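Notes follow the structure.
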Amino acid sequence: MIKRRTLLGVATALSFSAFSGPVLADDYPTGPITMLVGYGAGGQTDLIARATANVISKQLGQPINVINKPGVGGAVAARELTHANPDGYTILFNSNALINLAPFVMKNADFKPDEFDYAGMITAFQLALAAPKDAPFNNLAEYVEWAKKNPGSSYAALAPEARLYINEIMKKTGIQVNIVPVQSGSEMINALLGGQVMLAYSGGIHYRYPDQLKSIAATTTFRHPSAPTVPTIEEQGFQLGMDTRTTLILPKGTPKAVIDKLSAALKACQTDADFKKVADAADIPIQYLDAAEATKEMTASTAKNKAIMKAAGIVSK
Amino acid sequence: MDIITGFADVLTPKILMWIAIGVTIGYLVGALPGLGKATGVAVSIPLTFYLHPVAALGMLIGIAKGSAAGSAVSAILINTPGEPASAPTALDGYPLARQGKAQKALKMGLYASVIGDFLSTLVLIFLAAPLASYALLIGPVELCAILLFSLTFIGGLSGRSLIKGLIAAAFGVFFATVGIEPETFVPRLTFGLLELDDGIKLVPMAIGMLAVAEMIAQAGNLKALDAEFEQIKDGTAHEDRVILRSEWRRCIPVILRGTFIGSVVGILPGLGASVGSFLSYAATRKASKTPEKFGTGMIEGIAAAESADNAVVPSSLVPLFALGIPGSVIAAILIAAFILHGLTPGPLMFKQQPRLVADVYAAMLCASLIMLIIGSVGQRLFAMVIRVPLRLIIPGVLLLCSIGAYLETSTVFSIWVMLFFTGLGLLSRKLDFSFVTFLIGFVIGPNLELSFRQSIQILNHDPANLIHHPIAMAFGFLTLGTIWWVGRGHSPVVAAPTSATRNSREEEA
C-alpha cells in the first residue's frame, strides 16, 4: 500500500511538476477546496451541490468554498475547470448533461467525456413527460390518440432535448402539436397547472405536485423511484431514453489517490441525514456511482445520446 | 389558522433574534450595490439547516424584506440603487439628499417600505386563497398583453422628448435580445462569447448604467461638486430631518397606491419588483399636479417607488402559498427553503400545517416591524456618508460596484459588461437619453418576447383565438387607448431631468 502510494506520488510529481509543482496526493486535502457550481445560487442543483459540499467537507476535514459560476448549463464553469490545476483543490459539481447532451445541441459547449476526470455521481434527474392529473391519457399511446382528436394542442419545452422528444413523437405518429417555449421549471409547472399546455418535458420537479400532475413517460432509461408504475419512453416504443446525473467533475489528470478520496467522501452522501433531507425535499433520488462507474456511465451515455441526436437530425448551433 | 397562536409562538427572544438577524443581513445586502435579495437568501439557506423551522423561515423572509428596504439607502445617499427596483427612488431621493434633506428622504423611504411591506403581508394573509385562483387565469397570452401595456405606460418616464425615450427603450429591448434565443436555441449577437449565451445580466448592466456612470459623471465635475458640498451638508434644520405633517398628507395616498400596484405586480407571475416600482413612480407623476417637479426632489417619488418595491415581496408569495407556484425569483428560492423546513407550499399546507403557517405569517408581520427599528438605527449610521465629501466616496463606491458586478457570476467578464454600460450610461446622460426607459426596455423585453412567442403557439397561430382570452383583450384595448391618448398630444411626459447633476448645473446656470 505504502509502495503504491509512493509510486503514485512520484508519478504525479513527474507528470505535473512542470505545471503546478509536486502534488502531495497522500496528504490531500491540506487546505480548502473550491467547488464550482455551474448554476445560480438557490436552484435545485445548487442546493444539492451545497449539501454535497457539506458532506465532503465533513469527510475530508477541510472547508469547501462553493462558488456559483452560472452560464450555459455549466459550460462557463466547466471551461474554468479545464484551466485549473488537476490537484483536487478545484472541483465542479454539475449535471453531466453538460458533457453527454449539450455538445450535440450547442456549438459553444464542445466538451468530450475524456476531457475530464470523474470522482463519481450522486443523484439522478427524474426526467419525464408530465401532464395534468385529470388529462384523459395515461401513456404515450393514449396521448397520441388524444392529440389526433384534438389538433392544435400545446406542449411546453424547456430545453433543446424537450423539443427533440415531441418532434420525434410527431414524426413517428403524424400528430400536430404546438411547442410553447418556457425558460424555467416553475414556468413549466405554471403552464401545466394553468391548463395552457397538456404535456411538458420536466426535469422531475412535477413530482412535487402529486395531486395535480402525473408522469406519462419517464424519458430516462430507468423507471423513476417517485413513479415506479410509469413505463419509460423506451418501454413505450420510442428509443429515446437519455439519463443525466449530478456529477463531481475534476480536471483531467487528477491523481488517482485524490479521486479515490473524493469518491469515498461523495459516497458518504448516501447515508448522511442532512443530504437525504435536501434530496427528499426535492424528490431527487440518490444513486451513487463511484469514480470508475461514473467514467463508464459518462462514456456510454454520451455515445447513446449522440446516436439519438444524430438519428433525429439535430445539429449543434 | 390562528394568527394569535402564531404570535404566541413567534414572540420569543430566540425567534425574534433570528428574524432581526435576517432583516439586518438583508438591510446590509440591500444597501450594497450589486448584492440582491436573491443572493442573500440563497447563500443563507444552508445556514438555516440547524435552526427551528419558524426561526429559519423568519430569518430568510427577513432577508428578503430587509434588502428591499435597504436598497433605498444607497439610492438616496449616493445615487446608486442597491437593487434595480430602487432606481426610481434615486430619481428624487438623491436630489433631496443634495439639498440637505437626506434624513427626511431616508425616513420617507423607510416608512414607505414598511407600510408597503406590512399591508402587502396582510394581503397575503387574508387574500392568498381567493386571489390565487385569479393568478392562474394569467397565462402567457394575458401576460403578453399586460407587459405591452406596462411598457407603453412606463414609456411616460421618457424624459423631455418622447422620441428619445422610445429610442432609449428600443436600445434596452435590443440589448435584452443578446443570448440564446428561447425557441430555437440559436445564440444571438454573442460574437461567439460563451459568457453572452445566457444574455447580458441585469445586475452588472444596471450597476454600470446607473451607479458607475453617475460616479464618473460627478467625478468629471469635481469643482462644482466640491462647491456644492460646501453649500449643502447634512441639513440641521428640524424640518429637513423629519417628515412634516403636510408631507405625510401628500404621501399617504401615494403610498397606498404604491402598495396596491406593488401587490398586484407581485401576484402576477413574471413581472418583478422593478416593474412595480417604476409603474408606481410613473402613476404618481401622472397623478401629480406638478409633474414637472419630479426628478428635482419630490418626496412623493420616494414614497411611490419604495412602497411598491417592498409590497412586491410578500404578495409574490400569494401564488406560492395558495397554489404552490413560485411567481418570482425570490419565491422560487424560498420554495426550496420552505420544503427543507417541512412546509410544502400549496393549498394543502393550510390543512396539514396550520400552526406552522400561522407562525410564518406572524413572523412576517414581526419582520415588518423589526425592519422599522433596524432601518431607523441603520440609516442614522449610513447617513453619516453624507458628511463625507463626495470626492472621497467615489472610489469606495466604484470598488463596491466592481465587487457587486463580479459576484453576480464570479467572472471578470461581468466587470467588462459593467464598464461597457458605464460608457453607454455616460453617453445617455450627455445626450439626454433616459436610462430609466432603457432599463425598463431591458427588463421587460425578454419577458415580452417570450410571452409573445408562447402566445403564438397557445393561440394556435390564429389571432381569432384571442376571443378566448378576455383579460388579454382588455389590456390590449387599454394599450391602444394609451397610445391614442399620447398621440393626441397628452404626453404623460413632462420635463424630467434624468440626473441630479445636470439638474443642479441647470440651477446654477
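By order in the C-alpha cells, chains are A, B, ...; within a chain, residues start at 1; ligands start at 1, following the order shown.
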
Problem - Residue list (alpha helix (DSSP H), DSSP) for region 60-283 of chain A, as a ChimeraX atom specification - result: /A:60,75-82,97-100,140-149,160-173,185-193,256-267,273-281

Practice task
Check the DSSP output for the backbone and give back, as a PyMOL selection string, the residues of region 23-259 of chain A in strand (DSSP E or B).
Solution key: chain A and resi 33-37+64-68+90-95+116-124+128-132+153-157+177-181+199-202+213-218+224+227+232+245-251

Taking a cut-off of 10 Å and counting only C-alpha atoms, can you build a table that, for each residue of region 253-282 of chain B near region 443-464 of chain B, reports the nearest atom pair and how far apart they are in Å (one decimal), sorted by chain then residue number, as JSON lines?
{"residue": "B:Gly270", "atom": "CA", "partner": "B:Asn447", "partner_atom": "CA", "distance": 7.4}
{"residue": "B:Leu271", "atom": "CA", "partner": "B:Ile444", "partner_atom": "CA", "distance": 7.9}
{"residue": "B:Gly272", "atom": "CA", "partner": "B:Val443", "partner_atom": "CA", "distance": 9.2}
{"residue": "B:Ser274", "atom": "CA", "partner": "B:Val443", "partner_atom": "CA", "distance": 8.0}
{"residue": "B:Val275", "atom": "CA", "partner": "B:Ile444", "partner_atom": "CA", "distance": 8.0}

Exercise for the section: Enumerate as a VMD selection string the residues belonging to chain A that approach chain B to within 6 Å, with only C-alpha atoms taken into account. Expected result: chain A and resid 41 to 42 69 71 152 178 180 to 181 194 281 317

Handout entry: Nearest to Trp146 (chain A), chosen from A:Leu199, A:Ala279, A:Leu129, A:Leu158, with only C-alpha atoms counted in the distances
Key = A:Leu199

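The environment of Gln126 (chain A) within 7 Å, counting only C-alpha atoms and disregarding residues fewer than 4 places along the same chain, consists of Gly203, Gly204 and His224 of chain A.
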
Practice task
Between A:Gln270, A:Asn167, A:Asn54, A:Thr221, single out the one closest to Ser301 (chain A), counting only C-alpha atoms.
Solution key: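 Closest residue, counting only C-alpha atoms: A:Thr221.
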
Exercise for the section: Could you give me, as a list in words, the residues within 12 Å of Gly195 (chain A), counting only C-alpha atoms and dropping anything in the same chain fewer than 5 positions from it? Expected result: Ala131, Pro132, Lys133, Asp134, Ala135, Ser153, Ser154, Tyr155, Ala156, Met188, Ile189, Asn190, Ala200, Gln212 and Leu213 of chain A; Leu136, Leu137, Ile138, Gly139, Pro140 and Ile458 of chain B

Handout entry: Exercise: Asp243 (chain A) partners within 8 Å, only C-alpha atoms, chain neighbours under 6 positions left out, as an MDAnalysis selection string
Key = chainID A and resid 124:125 127 219:221 301

Could the residues in this selection be saved with all heavy atoms as a JSON list (two decimals), in the first residue's frame?
[["chain", "number", "residue", "atom", "x", "y", "z"],
["A", 124, "ALA", "N", -29.76, 11.27, -9.55],
["A", 124, "ALA", "CA", -30.24, 11.17, -10.93],
["A", 124, "ALA", "C", -31.42, 12.11, -11.10],
["A", 124, "ALA", "O", -32.18, 12.34, -10.16],
["A", 124, "ALA", "CB", -30.67, 9.74, -11.23],
["A", 125, "PHE", "N", -31.56, 12.67, -12.30],
["A", 125, "PHE", "CA", -32.72, 13.51, -12.58],
["A", 125, "PHE", "C", -33.87, 12.63, -13.07],
["A", 125, "PHE", "O", -33.68, 11.77, -13.92],
["A", 125, "PHE", "CB", -32.37, 14.54, -13.66],
["A", 125, "PHE", "CG", -31.43, 15.60, -13.17],
["A", 125, "PHE", "CD1", -30.06, 15.46, -13.34],
["A", 125, "PHE", "CD2", -31.90, 16.73, -12.54],
["A", 125, "PHE", "CE1", -29.18, 16.43, -12.89],
["A", 125, "PHE", "CE2", -31.03, 17.71, -12.08],
["A", 125, "PHE", "CZ", -29.68, 17.56, -12.26],
["A", 127, "LEU", "N", -36.23, 12.74, -15.24],
["A", 127, "LEU", "CA", -36.76, 13.42, -16.43],
["A", 127, "LEU", "C", -37.98, 12.68, -16.94],
["A", 127, "LEU", "O", -38.00, 11.46, -16.99],
["A", 127, "LEU", "CB", -35.68, 13.46, -17.51],
["A", 127, "LEU", "CG", -34.33, 14.01, -17.06],
["A", 127, "LEU", "CD1", -33.24, 13.62, -18.03],
["A", 127, "LEU", "CD2", -34.41, 15.51, -16.91],
["A", 219, "THR", "N", -38.47, 9.67, -19.35],
["A", 219, "THR", "CA", -37.62, 9.75, -20.54],
["A", 219, "THR", "C", -36.20, 9.32, -20.22],
["A", 219, "THR", "O", -35.27, 9.57, -20.98],
["A", 219, "THR", "CB", -37.60, 11.18, -21.13],
["A", 219, "THR", "OG1", -37.04, 12.06, -20.16],
["A", 219, "THR", "CG2", -38.99, 11.65, -21.49],
["A", 220, "THR", "N", -36.02, 8.68, -19.07],
["A", 220, "THR", "CA", -34.74, 8.11, -18.70],
["A", 220, "THR", "C", -34.72, 6.64, -19.12],
["A", 220, "THR", "O", -35.72, 6.12, -19.61],
["A", 220, "THR", "CB", -34.58, 8.20, -17.18],
["A", 220, "THR", "OG1", -35.79, 7.76, -16.56],
["A", 220, "THR", "CG2", -34.32, 9.62, -16.75],
["A", 221, "THR", "N", -33.59, 5.96, -18.91],
["A", 221, "THR", "CA", -33.54, 4.54, -19.25],
["A", 221, "THR", "C", -34.05, 3.68, -18.11],
["A", 221, "THR", "O", -34.16, 2.48, -18.24],
["A", 221, "THR", "CB", -32.11, 4.11, -19.59],
["A", 221, "THR", "OG1", -31.28, 4.39, -18.45],
["A", 221, "THR", "CG2", -31.57, 4.87, -20.78],
["A", 301, "SER", "N", -23.29, 6.92, -21.88],
["A", 301, "SER", "CA", -24.46, 7.78, -22.11],
["A", 301, "SER", "C", -24.17, 8.79, -23.22],
["A", 301, "SER", "O", -25.06, 9.13, -24.00],
["A", 301, "SER", "CB", -24.88, 8.47, -20.82],
["A", 301, "SER", "OG", -23.86, 9.32, -20.35]]
